[in-house]
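This is coords_32.tsv. It holds TSV, C-alpha atoms.
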```tsv
chain	number	residue	atom	x	y	z
A	258	MET	CA	-80.32	-36.19	66.30
A	259	ARG	CA	-80.47	-35.25	62.64
A	260	TYR	CA	-81.86	-31.92	61.49
A	261	SER	CA	-81.53	-32.40	57.72
A	262	TYR	CA	-82.60	-35.09	55.34
A	263	ILE	CA	-79.69	-34.54	52.89
A	264	LYS	CA	-76.09	-35.41	53.36
A	265	PRO	CA	-73.90	-32.23	53.72
A	266	ARG	CA	-71.55	-31.60	50.77
A	267	LYS	CA	-67.95	-30.65	51.31
A	268	LYS	CA	-67.22	-26.92	50.99
A	269	THR	CA	-63.79	-25.82	49.65
A	270	ALA	CA	-62.27	-22.39	49.22
A	271	LEU	CA	-61.61	-23.18	45.51
A	272	SER	CA	-64.95	-23.65	43.99
A	273	LYS	CA	-65.34	-24.81	40.36
A	274	ASP	CA	-65.76	-21.22	39.23
A	275	MET	CA	-62.66	-20.10	41.07
A	276	GLN	CA	-60.63	-22.98	39.57
A	277	LEU	CA	-61.77	-21.99	36.10
A	278	LEU	CA	-60.92	-18.39	36.79
A	279	PHE	CA	-57.47	-19.21	38.13
A	280	THR	CA	-56.75	-21.56	35.22
A	281	PHE	CA	-57.75	-18.94	32.68
A	282	PHE	CA	-55.77	-16.14	34.27
A	283	GLY	CA	-52.89	-18.48	35.10
A	284	VAL	CA	-52.50	-19.49	31.46
A	285	THR	CA	-52.86	-15.84	30.39
A	286	LEU	CA	-50.27	-14.64	32.89
A	287	ILE	CA	-47.84	-17.44	31.99
A	288	MET	CA	-48.15	-16.49	28.31
A	289	LEU	CA	-47.64	-12.82	29.13
A	290	PHE	CA	-44.59	-13.47	31.29
A	291	LEU	CA	-43.14	-15.86	28.73
A	292	THR	CA	-43.58	-13.23	26.02
A	293	TYR	CA	-42.03	-10.64	28.30
A	294	GLY	CA	-39.16	-13.00	29.10
A	295	PHE	CA	-38.63	-13.65	25.40
A	296	LEU	CA	-38.58	-9.91	24.67
A	297	VAL	CA	-36.15	-9.22	27.52
A	298	PHE	CA	-33.89	-12.06	26.38
A	299	ARG	CA	-33.99	-10.89	22.75
A	300	ASP	CA	-33.29	-7.35	23.89
A	301	TYR	CA	-30.27	-8.58	25.81
A	302	ARG	CA	-29.10	-10.59	22.78
A	303	PHE	CA	-29.59	-7.59	20.48
A	304	ASP	CA	-27.49	-5.46	22.78
A	305	GLN	CA	-24.86	-8.19	22.89
A	306	ASN	CA	-24.91	-8.56	19.08
A	307	HIS	CA	-24.75	-4.80	18.67
A	308	THR	CA	-21.62	-4.65	20.85
A	309	GLU	CA	-20.09	-7.59	18.96
A	310	ILE	CA	-20.90	-6.02	15.58
A	311	LEU	CA	-19.40	-2.70	16.66
A	312	GLN	CA	-16.23	-4.44	17.85
A	313	GLU	CA	-16.04	-6.50	14.68
A	314	GLU	CA	-16.58	-3.37	12.56
A	315	LYS	CA	-13.85	-1.59	14.49
A	316	ASP	CA	-11.45	-4.52	13.98
A	317	LEU	CA	-12.34	-4.79	10.29
A	318	GLN	CA	-11.94	-1.05	9.79
A	319	ALA	CA	-8.53	-1.13	11.50
A	320	SER	CA	-7.52	-4.10	9.37
A	321	ILE	CA	-8.76	-2.37	6.19
A	322	ASN	CA	-6.90	0.83	7.09
A	323	MET	CA	-3.74	-1.19	7.70
A	324	MET	CA	-4.14	-3.02	4.37
A	325	LYS	CA	-4.83	0.27	2.57
A	326	LEU	CA	-1.63	1.71	4.01
A	327	LYS	CA	0.28	-1.35	2.83
A	328	ILE	CA	-1.35	-1.12	-0.61
A	329	THR	CA	-0.44	2.58	-0.85
A	330	SER	CA	3.09	1.78	0.26
A	331	ILE	CA	3.45	-1.01	-2.31
A	332	GLU	CA	1.95	1.18	-5.02
A	333	ASN	CA	4.36	3.98	-4.15
A	334	GLN	CA	7.23	1.49	-4.18
A	335	ASN	CA	6.01	0.20	-7.52
A	336	ILE	CA	5.73	3.71	-9.00
A	337	LEU	CA	9.17	4.70	-7.75
A	338	SER	CA	10.82	1.49	-8.88
A	339	GLU	CA	9.18	1.80	-12.30
A	340	ARG	CA	10.51	5.34	-12.51
A	341	VAL	CA	14.00	4.19	-11.50
A	342	PHE	CA	13.96	1.23	-13.90
A	343	THR	CA	12.72	3.43	-16.74
A	344	LYS	CA	15.36	6.02	-15.92
A	345	ASN	CA	18.09	3.37	-16.01
A	346	SER	CA	16.76	1.98	-19.30
A	347	VAL	CA	16.50	5.45	-20.83
A	348	LEU	CA	20.01	6.19	-19.62
A	349	LYS	CA	21.27	3.01	-21.23
A	350	ASP	CA	19.58	3.90	-24.52
A	351	SER	CA	20.84	7.49	-24.32
A	352	ILE	CA	24.45	6.41	-23.82
A	353	HIS	CA	24.03	3.79	-26.53
A	354	ASN	CA	22.66	6.44	-28.92
A	355	LEU	CA	25.42	8.86	-27.96
A	356	PHE	CA	28.16	6.40	-28.83
A	357	ASP	CA	26.30	5.42	-32.02
A	358	LEU	CA	26.16	9.08	-32.93
A	359	VAL	CA	29.92	9.34	-33.06
A	360	PRO	CA	31.11	8.49	-36.58
A	361	ALA	CA	33.90	5.95	-37.02
A	362	ARG	CA	36.35	8.58	-38.22
A	363	ILE	CA	36.06	10.58	-35.02
A	364	THR	CA	37.63	9.16	-31.89
A	365	LEU	CA	36.33	10.13	-28.47
A	366	SER	CA	38.76	10.35	-25.60
A	367	GLN	CA	36.34	11.49	-22.91
A	368	ALA	CA	32.61	11.98	-22.47
A	369	GLN	CA	30.90	13.67	-19.56
A	370	ILE	CA	27.16	13.24	-19.39
A	371	MET	CA	25.39	15.67	-17.07
A	372	GLU	CA	21.79	16.23	-16.19
A	373	ASN	CA	21.39	19.03	-18.70
A	374	GLY	CA	24.50	18.79	-20.80
A	375	LEU	CA	27.15	16.76	-22.54
A	376	ILE	CA	30.85	17.43	-22.96
A	377	LEU	CA	32.78	15.42	-25.50
A	378	TYR	CA	36.54	15.36	-25.96
A	379	GLY	CA	38.14	13.69	-28.94
A	380	VAL	CA	40.09	13.92	-32.17
A	381	THR	CA	38.79	14.46	-35.70
A	382	PRO	CA	40.64	14.27	-39.01
A	383	ASN	CA	39.28	17.67	-40.00
A	384	LYS	CA	36.69	20.24	-38.94
A	385	ASP	CA	34.24	19.39	-41.74
A	386	ILE	CA	33.86	15.79	-40.68
A	387	TYR	CA	33.22	17.00	-37.14
A	388	ASN	CA	30.78	19.73	-38.23
A	389	PHE	CA	28.73	17.55	-40.57
A	390	MET	CA	28.88	14.22	-38.86
A	391	LEU	CA	28.88	15.05	-35.18
A	392	GLN	CA	27.97	18.64	-34.55
A	393	ALA	CA	24.89	18.57	-36.82
A	394	PRO	CA	23.14	15.76	-34.91
A	395	LEU	CA	24.24	17.28	-31.60
A	396	ARG	CA	22.68	20.61	-32.60
A	397	SER	CA	19.38	18.86	-33.25
A	398	ILE	CA	19.40	17.46	-29.73
A	399	PHE	CA	20.81	20.31	-27.65
A	400	HIS	CA	19.83	23.97	-27.45
A	401	ARG	CA	23.33	25.32	-27.18
A	402	THR	CA	26.40	23.72	-28.72
A	403	TYR	CA	29.92	25.11	-28.50
A	404	SER	CA	32.97	23.61	-30.14
A	405	SER	CA	36.68	24.32	-29.73
A	406	PHE	CA	39.43	22.91	-31.91
A	407	TYR	CA	43.11	22.48	-31.14
A	408	PRO	CA	45.37	21.49	-34.07
A	409	LEU	CA	47.58	18.45	-33.59
A	410	ASP	CA	50.99	17.78	-35.11
A	411	ASN	CA	49.64	15.19	-37.55
A	412	GLY	CA	47.12	17.64	-39.07
A	413	TRP	CA	44.17	16.29	-37.08
A	414	PHE	CA	42.24	18.36	-34.57
A	415	ARG	CA	41.56	17.79	-30.93
A	416	PHE	CA	38.07	19.06	-30.17
A	417	VAL	CA	35.98	19.87	-27.14
A	418	SER	CA	32.25	19.88	-27.76
A	419	THR	CA	30.08	21.42	-25.03
A	420	ASN	CA	26.33	20.96	-25.37
A	421	TYR	CA	23.53	22.16	-23.13
A	422	ILE	CA	19.80	21.81	-22.87
A	423	ASP	CA	18.12	24.94	-21.51
A	424	GLU	CA	16.64	24.58	-18.05
A	425	GLU	CA	13.03	25.38	-19.00
A	426	SER	CA	12.81	22.47	-21.43
A	427	ASN	CA	15.14	20.21	-19.51
A	428	ASP	CA	12.34	18.10	-18.09
A	429	GLU	CA	10.87	17.56	-21.52
A	430	TYR	CA	14.16	16.21	-22.84
A	431	LYS	CA	14.79	14.12	-19.81
B	208	MET	CA	-81.46	-8.98	42.97
B	209	ASN	CA	-79.61	-11.37	45.11
B	210	ILE	CA	-75.85	-11.74	44.35
B	211	SER	CA	-73.99	-14.20	46.41
B	212	ARG	CA	-70.84	-13.22	48.23
B	213	GLN	CA	-68.77	-15.72	46.23
B	214	SER	CA	-69.90	-14.19	42.97
B	215	ILE	CA	-68.75	-10.81	44.21
B	216	TYR	CA	-65.33	-12.29	45.09
B	217	ILE	CA	-65.03	-13.92	41.67
B	218	LEU	CA	-66.07	-10.75	39.88
B	219	SER	CA	-63.66	-8.60	41.91
B	220	LEU	CA	-60.79	-11.02	41.30
B	221	SER	CA	-61.61	-11.20	37.59
B	222	VAL	CA	-61.65	-7.43	37.28
B	223	LEU	CA	-58.41	-7.16	39.24
B	224	LEU	CA	-56.59	-9.76	37.14
B	225	LEU	CA	-57.97	-8.37	33.89
B	226	THR	CA	-56.82	-4.91	34.87
B	227	PHE	CA	-53.35	-6.27	35.65
B	228	VAL	CA	-53.24	-8.10	32.31
B	229	LEU	CA	-54.30	-4.99	30.42
B	230	ILE	CA	-51.90	-2.67	32.26
B	231	PHE	CA	-49.03	-5.15	31.87
B	232	SER	CA	-49.79	-5.60	28.19
B	233	PHE	CA	-50.15	-1.93	27.33
B	234	LEU	CA	-47.44	-0.52	29.55
B	235	VAL	CA	-44.82	-3.23	29.32
B	236	LEU	CA	-45.36	-5.77	26.57
B	237	ILE	CA	-46.45	-3.55	23.69
B	238	PRO	CA	-43.62	-0.95	24.14
B	239	ASN	CA	-41.12	-3.80	24.53
B	240	GLY	CA	-42.53	-5.48	21.42
B	241	LYS	CA	-42.21	-2.26	19.42
B	242	GLU	CA	-38.65	-1.82	20.68
B	243	TYR	CA	-37.92	-5.45	19.76
B	244	ARG	CA	-39.19	-4.88	16.22
B	245	LEU	CA	-37.12	-1.71	15.80
B	246	LYS	CA	-34.02	-3.37	17.20
B	247	ARG	CA	-34.52	-6.37	14.93
B	248	VAL	CA	-34.62	-4.10	11.89
B	249	GLU	CA	-31.63	-2.16	13.18
B	250	ILE	CA	-29.58	-5.27	13.87
B	251	LYS	CA	-30.40	-6.58	10.38
B	252	LYS	CA	-29.09	-3.32	8.92
B	253	GLU	CA	-25.97	-3.58	11.08
B	254	TYR	CA	-25.38	-7.18	9.96
B	255	LYS	CA	-25.81	-6.07	6.35
B	256	LYS	CA	-23.32	-3.25	6.89
B	257	LEU	CA	-20.92	-5.63	8.62
B	258	LYS	CA	-21.19	-8.06	5.72
B	259	GLN	CA	-20.45	-5.26	3.25
B	260	LEU	CA	-17.45	-4.24	5.35
B	261	SER	CA	-16.34	-7.85	5.62
B	262	ASP	CA	-16.64	-8.28	1.83
B	263	PHE	CA	-14.70	-5.07	1.30
B	264	SER	CA	-12.05	-6.28	3.75
B	265	TYR	CA	-11.81	-9.55	1.82
B	266	GLU	CA	-11.50	-7.69	-1.49
B	267	THR	CA	-8.84	-5.39	-0.02
B	268	SER	CA	-7.00	-8.39	1.35
B	269	MET	CA	-7.11	-10.07	-2.07
B	270	THR	CA	-5.84	-6.87	-3.71
B	271	LEU	CA	-3.01	-6.70	-1.18
B	272	GLN	CA	-2.12	-10.36	-1.70
B	273	LYS	CA	-2.09	-9.86	-5.47
B	274	LEU	CA	0.04	-6.73	-5.18
B	275	LYS	CA	2.44	-8.56	-2.86
B	276	ALA	CA	2.66	-11.48	-5.26
B	277	ASP	CA	3.12	-9.27	-8.32
B	278	ASN	CA	5.68	-6.97	-6.70
B	279	GLY	CA	7.57	-9.43	-4.52
B	280	HIS	CA	10.94	-8.45	-5.97
B	281	ILE	CA	10.33	-4.73	-5.51
B	282	ILE	CA	9.08	-5.11	-1.92
B	283	THR	CA	12.11	-7.20	-1.01
B	284	ALA	CA	14.43	-4.78	-2.81
B	285	PHE	CA	13.12	-1.79	-0.84
B	286	ALA	CA	13.43	-3.70	2.42
B	287	THR	CA	16.90	-5.11	1.82
B	288	PRO	CA	19.70	-3.13	3.48
B	289	PHE	CA	22.31	-2.01	0.96
B	290	THR	CA	25.76	-3.44	1.39
B	291	SER	CA	28.55	-2.17	-0.82
B	292	ALA	CA	30.44	-5.47	-0.64
B	293	ARG	CA	27.42	-7.46	-1.80
B	294	PHE	CA	26.73	-4.98	-4.59
B	295	GLU	CA	30.30	-5.20	-5.77
B	296	LYS	CA	30.20	-8.98	-5.60
B	297	GLN	CA	27.02	-9.10	-7.66
B	298	HIS	CA	28.15	-6.67	-10.32
B	299	ARG	CA	31.90	-7.19	-10.54
B	300	GLY	CA	31.41	-9.25	-13.70
B	301	TYR	CA	30.51	-6.17	-15.69
B	302	PHE	CA	33.64	-4.22	-14.75
B	303	SER	CA	37.36	-4.78	-14.74
B	304	SER	CA	37.41	-2.86	-11.49
B	305	LEU	CA	34.69	-1.35	-9.35
B	306	LYS	CA	34.99	0.98	-6.37
B	307	LEU	CA	32.14	2.28	-4.28
B	308	SER	CA	32.58	5.33	-2.09
B	309	LYS	CA	31.04	5.72	1.36
B	310	LEU	CA	27.27	5.84	1.38
B	311	GLU	CA	25.79	9.21	2.11
B	312	LYS	CA	22.27	9.74	3.26
B	313	LYS	CA	20.44	12.26	1.09
B	314	GLU	CA	17.13	13.99	1.48
B	315	ASN	CA	14.08	11.79	1.55
B	316	GLU	CA	12.30	11.41	-1.76
B	317	ASP	CA	8.60	10.48	-1.86
B	318	ASN	CA	8.87	9.23	1.75
B	319	PHE	CA	11.72	6.89	0.86
B	320	THR	CA	15.17	7.16	2.32
B	321	VAL	CA	17.72	7.90	-0.38
B	322	TYR	CA	21.40	7.08	-0.08
B	323	GLU	CA	23.98	8.19	-2.59
B	324	VAL	CA	27.14	6.38	-3.49
B	325	ASN	CA	29.84	7.47	-5.93
B	326	THR	CA	31.25	4.77	-8.12
B	327	THR	CA	34.43	4.57	-10.13
B	328	SER	CA	35.01	1.67	-12.43
B	329	GLU	CA	36.96	0.40	-15.39
B	330	ILE	CA	35.25	-1.21	-18.35
B	331	SER	CA	36.56	-2.76	-21.51
B	332	SER	CA	33.71	-1.49	-23.72
B	333	PRO	CA	30.50	0.53	-23.35
B	334	LYS	CA	28.56	-2.72	-23.85
B	335	SER	CA	29.67	-3.77	-20.34
B	336	PHE	CA	28.10	-0.61	-19.00
B	337	TYR	CA	24.85	-1.27	-20.90
B	338	ASN	CA	24.77	-4.76	-19.43
B	339	PHE	CA	25.37	-3.31	-15.98
B	340	LEU	CA	22.45	-0.89	-16.43
B	341	GLU	CA	20.22	-3.80	-17.40
B	342	ALA	CA	21.42	-5.89	-14.48
B	343	VAL	CA	21.05	-3.11	-11.92
B	344	ASN	CA	17.28	-3.16	-12.51
B	345	LYS	CA	17.23	-6.79	-11.45
B	346	SER	CA	19.53	-6.39	-8.47
B	347	ASP	CA	18.62	-6.85	-4.81
B	348	TRP	CA	18.10	-3.11	-4.30
B	349	ILE	CA	16.37	-0.23	-6.03
B	350	VAL	CA	19.33	1.56	-7.55
B	351	ALA	CA	19.19	4.50	-9.94
B	352	VAL	CA	22.29	5.34	-11.86
B	353	ASN	CA	22.53	9.08	-11.74
B	354	PHE	CA	24.37	11.96	-13.36
B	355	PRO	CA	27.10	12.99	-13.77
B	356	ILE	CA	28.48	10.06	-15.70
B	357	SER	CA	31.94	10.27	-17.07
B	358	PHE	CA	33.79	8.01	-19.49
B	359	LYS	CA	37.49	8.50	-20.13
B	360	ARG	CA	39.64	6.45	-22.43
B	361	ASP	CA	42.71	5.00	-20.80
B	362	GLY	CA	44.58	2.88	-23.32
B	363	GLU	CA	42.38	-0.10	-24.15
B	364	MET	CA	40.14	0.47	-21.14
B	365	ILE	CA	37.52	3.08	-20.28
B	366	ASN	CA	37.49	4.63	-16.86
B	367	SER	CA	33.96	5.45	-15.85
B	368	SER	CA	32.57	7.24	-12.84
B	369	PHE	CA	28.97	7.75	-11.92
B	370	THR	CA	26.67	8.30	-8.98
B	371	MET	CA	24.09	5.81	-7.77
B	372	LYS	CA	21.02	6.54	-5.72
B	373	VAL	CA	19.88	3.71	-3.48
B	374	TYR	CA	16.24	3.85	-2.37
B	375	SER	CA	15.13	2.21	0.84
B	376	ASN	CA	12.02	2.21	2.98
B	377	ASN	CA	13.96	1.11	6.03
B	378	LYS	CA	15.49	4.07	7.71
B	379	ASP	CA	18.99	3.56	9.03
B	380	LYS	CA	19.07	0.00	7.83
B	381	VAL	CA	21.56	0.55	5.05
B	382	LYS	CA	24.90	-0.93	5.93
B	383	ASP	CA	28.04	0.50	4.45
B	384	SER	CA	31.00	-1.77	4.40
B	385	ASN	CA	32.81	1.02	2.53
B	386	THR	CA	34.84	-1.47	0.61
B	387	SER	CA	37.15	0.02	-1.93
B	388	GLY	CA	39.90	-1.40	-4.02
B	389	ASN	CA	40.02	-3.23	-7.28
B	390	LEU	CA	38.18	-6.49	-7.47
```
Spell out the structure here as structure tokens.
Amino acid sequence: MRYSYIKPRKKTALSKDMQLLFTFFGVTLIMLFLTYGFLVFRDYRFDQNHTEILQEEKDLQASINMMKLKITSIENQNILSERVFTKNSVLKDSIHNLFDLVPARITLSQAQIMENGLILYGVTPNKDIYNFMLQAPLRSIFHRTYSSFYPLDNGWFRFVSTNYIDEESNDEYK
Amino acid sequence: MNISRQSIYILSLSVLLLTFVLIFSFLVLIPNGKEYRLKRVEIKKEYKKLKQLSDFSYETSMTLQKLKADNGHIITAFATPFTSARFEKQHRGYFSSLKLSKLEKKENEDNFTVYEVNTTSEISSPKSFYNFLEAVNKSDWIVAVNFPISFKRDGEMINSSFTMKVYSNNKDKVKDSNTSGNL
């Protein structure tokens, strides 16, 4: 026996309104969680990058420090070698000038070159030649010059010339 | 006013979900977003700093390479252990005879190890000694000819004696063969 003239419609727990509601909030929540996931991932990557950058900075700094040490060492080596080479060249010129200073008529038998002095031994035909041709230029170079003469049998003189540069201006002359 | 039960359910659920969305957004997403922005700026600065450091490292490396290339001889000379026999072999041409005494370690100078060696030699003319002084600057070591220097005539030859300072950056690497005797 029928009590209604219409056919009964099916009733579901998810009505049209509920479906719309769930779809709307579902999409919203998915977007929120995706954004959150993106932020968390980026945060993790930033932390990772930060650690990598710090490590790389540390390595670079160590490498730079090492290179700076090497540069300083090479520069020091360069400065010292230049000083040594210059000293050798100056020494060569000084000895060259010393021997050029000795006139042809005076013969040297020994020369001692010290840091702040020069001792020359030799023979001269007479004292005047020595005084004018050797002692005069030596006096212009050294602060203190002492000469001793010893007569020889042939009328010539053996001489010892001792010349010093005073300590306070030694560096300047060197 | 007649509100159906389903409408009340929908409204309650909507309010609940909206509240969750708002709370989640304001308490979690927005602070995280701000932090993300700050970190992004910070990481950009760090990358910039790293790039500057990297460029500086490259420049320093180039400077070092150039210095190494320009001063190859000097670097090698400081690192080469001094051997009396080799020195004598290299420079015997300038002397009629050359004797080197035993190497003595002196005080360090400018952080370099300094060794001293006394030398006695025989030359035919001072020109040989000038040539030796020129050659010693191109030798395998950093050698400074030092005072006192003595020249003494002996017949046609000149006996000379002088001191040499050998500079090295390798401590205890200098070998002394202590060779003596006329070459």
Taking only C-alpha atoms into account, produce a table as JSON lines in which each residue of chain B with an atom at most 6 Å from an atom of chain A appears once, together with its shortest atom pair and the distance in Å to one decimal, ordered by chain and rising number.
```
{"residue": "B:Ser264", "atom": "CA", "partner": "A:Ile321", "partner_atom": "CA", "distance": 5.7}
{"residue": "B:Leu271", "atom": "CA", "partner": "A:Ile328", "partner_atom": "CA", "distance": 5.8}
{"residue": "B:Tyr337", "atom": "CA", "partner": "A:Lys349", "partner_atom": "CA", "distance": 5.6}
{"residue": "B:Asn344", "atom": "CA", "partner": "A:Phe342", "partner_atom": "CA", "distance": 5.7}
{"residue": "B:Ala351", "atom": "CA", "partner": "A:Val341", "partner_atom": "CA", "distance": 5.4}
{"residue": "B:Phe354", "atom": "CA", "partner": "A:Met371", "partner_atom": "CA", "distance": 5.3}
{"residue": "B:Pro355", "atom": "CA", "partner": "A:Met371", "partner_atom": "CA", "distance": 4.6}
{"residue": "B:Ile356", "atom": "CA", "partner": "A:Ile370", "partner_atom": "CA", "distance": 5.0}
{"residue": "B:Ser357", "atom": "CA", "partner": "A:Gln369", "partner_atom": "CA", "distance": 4.3}
{"residue": "B:Phe358", "atom": "CA", "partner": "A:Ala368", "partner_atom": "CA", "distance": 5.1}
{"residue": "B:Lys359", "atom": "CA", "partner": "A:Gln367", "partner_atom": "CA", "distance": 4.2}
{"residue": "B:Arg360", "atom": "CA", "partner": "A:Ser366", "partner_atom": "CA", "distance": 5.1}
```
| Using only C-alpha atoms, which of B:Lys275, B:Lys313, B:His280, B:Lys334 sits nearest Tyr301 in chain B? |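 The closest residue to Tyr301 in chain B is B:Lys334.
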| Shell around Asp410 in chain A at 12 Å using only C-alpha atoms, local window under 4 positions removed, as a PyMOL selection string | chain A and resi 380+382+414-415
Let's have the selection written as an mmCIF file, keeping the file's coordinate frame, with C-alpha atoms.
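Full text of out04.cif as output:
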```cif
data_model
loop_
_atom_site.group_PDB
_atom_site.id
_atom_site.type_symbol
_atom_site.label_atom_id
_atom_site.label_comp_id
_atom_site.auth_asym_id
_atom_site.auth_seq_id
_atom_site.Cartn_x
_atom_site.Cartn_y
_atom_site.Cartn_z
ATOM 1 C CA VAL A 380 40.090 13.920 -32.170
ATOM 2 C CA PRO A 382 40.640 14.270 -39.010
ATOM 3 C CA PHE A 414 42.240 18.360 -34.570
ATOM 4 C CA ARG A 415 41.560 17.790 -30.930
#
```
| query | For Phe399 in chain A, which residue out of A:Phe298, A:Tyr421, A:Tyr260, A:Trp413 is the nearest one, using only C-alpha atoms? | reply |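 Answer, going by the shortest atom-to-atom distance: A:Tyr421.
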| field | Pairwise distance for CA of Lys251 in chain B and CA of Met288 in chain A, rounded to one decimal in Å | value | 27.1 Å
| Distance CA of Trp348 in chain B-CA of Thr270 in chain B, one decimal place? | 24.2 Å
| query | What would the list of residues within 10 Å of (28.9, -7.7, -13.9) (file frame) look like as an MDAnalysis selection string, if all atoms listed in the file are what count? | reply | chainID B and resid 294:303 305 335:336 338:340 342:343
| query | When you draw a straight line from CA of Lys273 in chain A to CA of Val228 in chain B, how long is it in Å? | reply |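 Distance reported for this atom pair: 22.1 Å.
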| When distances are computed from all atoms listed in the file, which of A:Asn411, A:Asn420, A:Thr280, A:Thr269 shows the smallest separation from Asn383 in chain A? |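 Closest to Asn383 in chain A, using all atoms listed in the file: A:Asn411.
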Incomplete range 357-369 of chain A filled out to N, CA and C atoms as an mmCIF file, in the frame of the given file:
```
data_model
loop_
_atom_site.group_PDB
_atom_site.id
_atom_site.type_symbol
_atom_site.label_atom_id
_atom_site.label_comp_id
_atom_site.auth_asym_id
_atom_site.auth_seq_id
_atom_site.Cartn_x
_atom_site.Cartn_y
_atom_site.Cartn_z
ATOM 1 N N ASP A 357 26.638 5.712 -30.617
ATOM 2 C CA ASP A 357 26.300 5.420 -32.020
ATOM 3 C C ASP A 357 26.382 6.665 -32.890
ATOM 4 N N LEU A 358 26.164 7.802 -32.215
ATOM 5 C CA LEU A 358 26.160 9.080 -32.930
ATOM 6 C C LEU A 358 27.552 9.457 -33.433
ATOM 7 N N VAL A 359 28.539 8.969 -32.717
ATOM 8 C CA VAL A 359 29.920 9.340 -33.060
ATOM 9 C C VAL A 359 30.370 8.543 -34.278
ATOM 10 N N PRO A 360 30.698 9.230 -35.379
ATOM 11 C CA PRO A 360 31.110 8.490 -36.580
ATOM 12 C C PRO A 360 32.447 7.775 -36.369
ATOM 13 N N ALA A 361 32.702 6.786 -37.200
ATOM 14 C CA ALA A 361 33.900 5.950 -37.020
ATOM 15 C C ALA A 361 35.190 6.737 -37.173
ATOM 16 N N ARG A 362 35.121 7.817 -37.962
ATOM 17 C CA ARG A 362 36.350 8.580 -38.220
ATOM 18 C C ARG A 362 36.705 9.512 -37.063
ATOM 19 N N ILE A 363 35.783 9.733 -36.195
ATOM 20 C CA ILE A 363 36.060 10.580 -35.020
ATOM 21 C C ILE A 363 36.279 9.671 -33.811
ATOM 22 N N THR A 364 37.326 9.972 -33.071
ATOM 23 C CA THR A 364 37.630 9.160 -31.890
ATOM 24 C C THR A 364 37.396 9.981 -30.629
ATOM 25 N N LEU A 365 36.580 9.423 -29.741
ATOM 26 C CA LEU A 365 36.330 10.130 -28.470
ATOM 27 C C LEU A 365 37.375 9.722 -27.451
ATOM 28 N N SER A 366 37.838 10.699 -26.686
ATOM 29 C CA SER A 366 38.760 10.350 -25.600
ATOM 30 C C SER A 366 38.074 10.484 -24.235
ATOM 31 N N GLN A 367 37.043 11.308 -24.188
ATOM 32 C CA GLN A 367 36.340 11.490 -22.910
ATOM 33 C C GLN A 367 34.920 11.964 -23.173
ATOM 34 N N ALA A 368 34.007 11.507 -22.370
ATOM 35 C CA ALA A 368 32.610 11.980 -22.470
ATOM 36 C C ALA A 368 32.084 12.202 -21.062
ATOM 37 N N GLN A 369 31.504 13.373 -20.862
ATOM 38 C CA GLN A 369 30.900 13.670 -19.560
ATOM 39 C C GLN A 369 29.416 13.929 -19.780
#
```
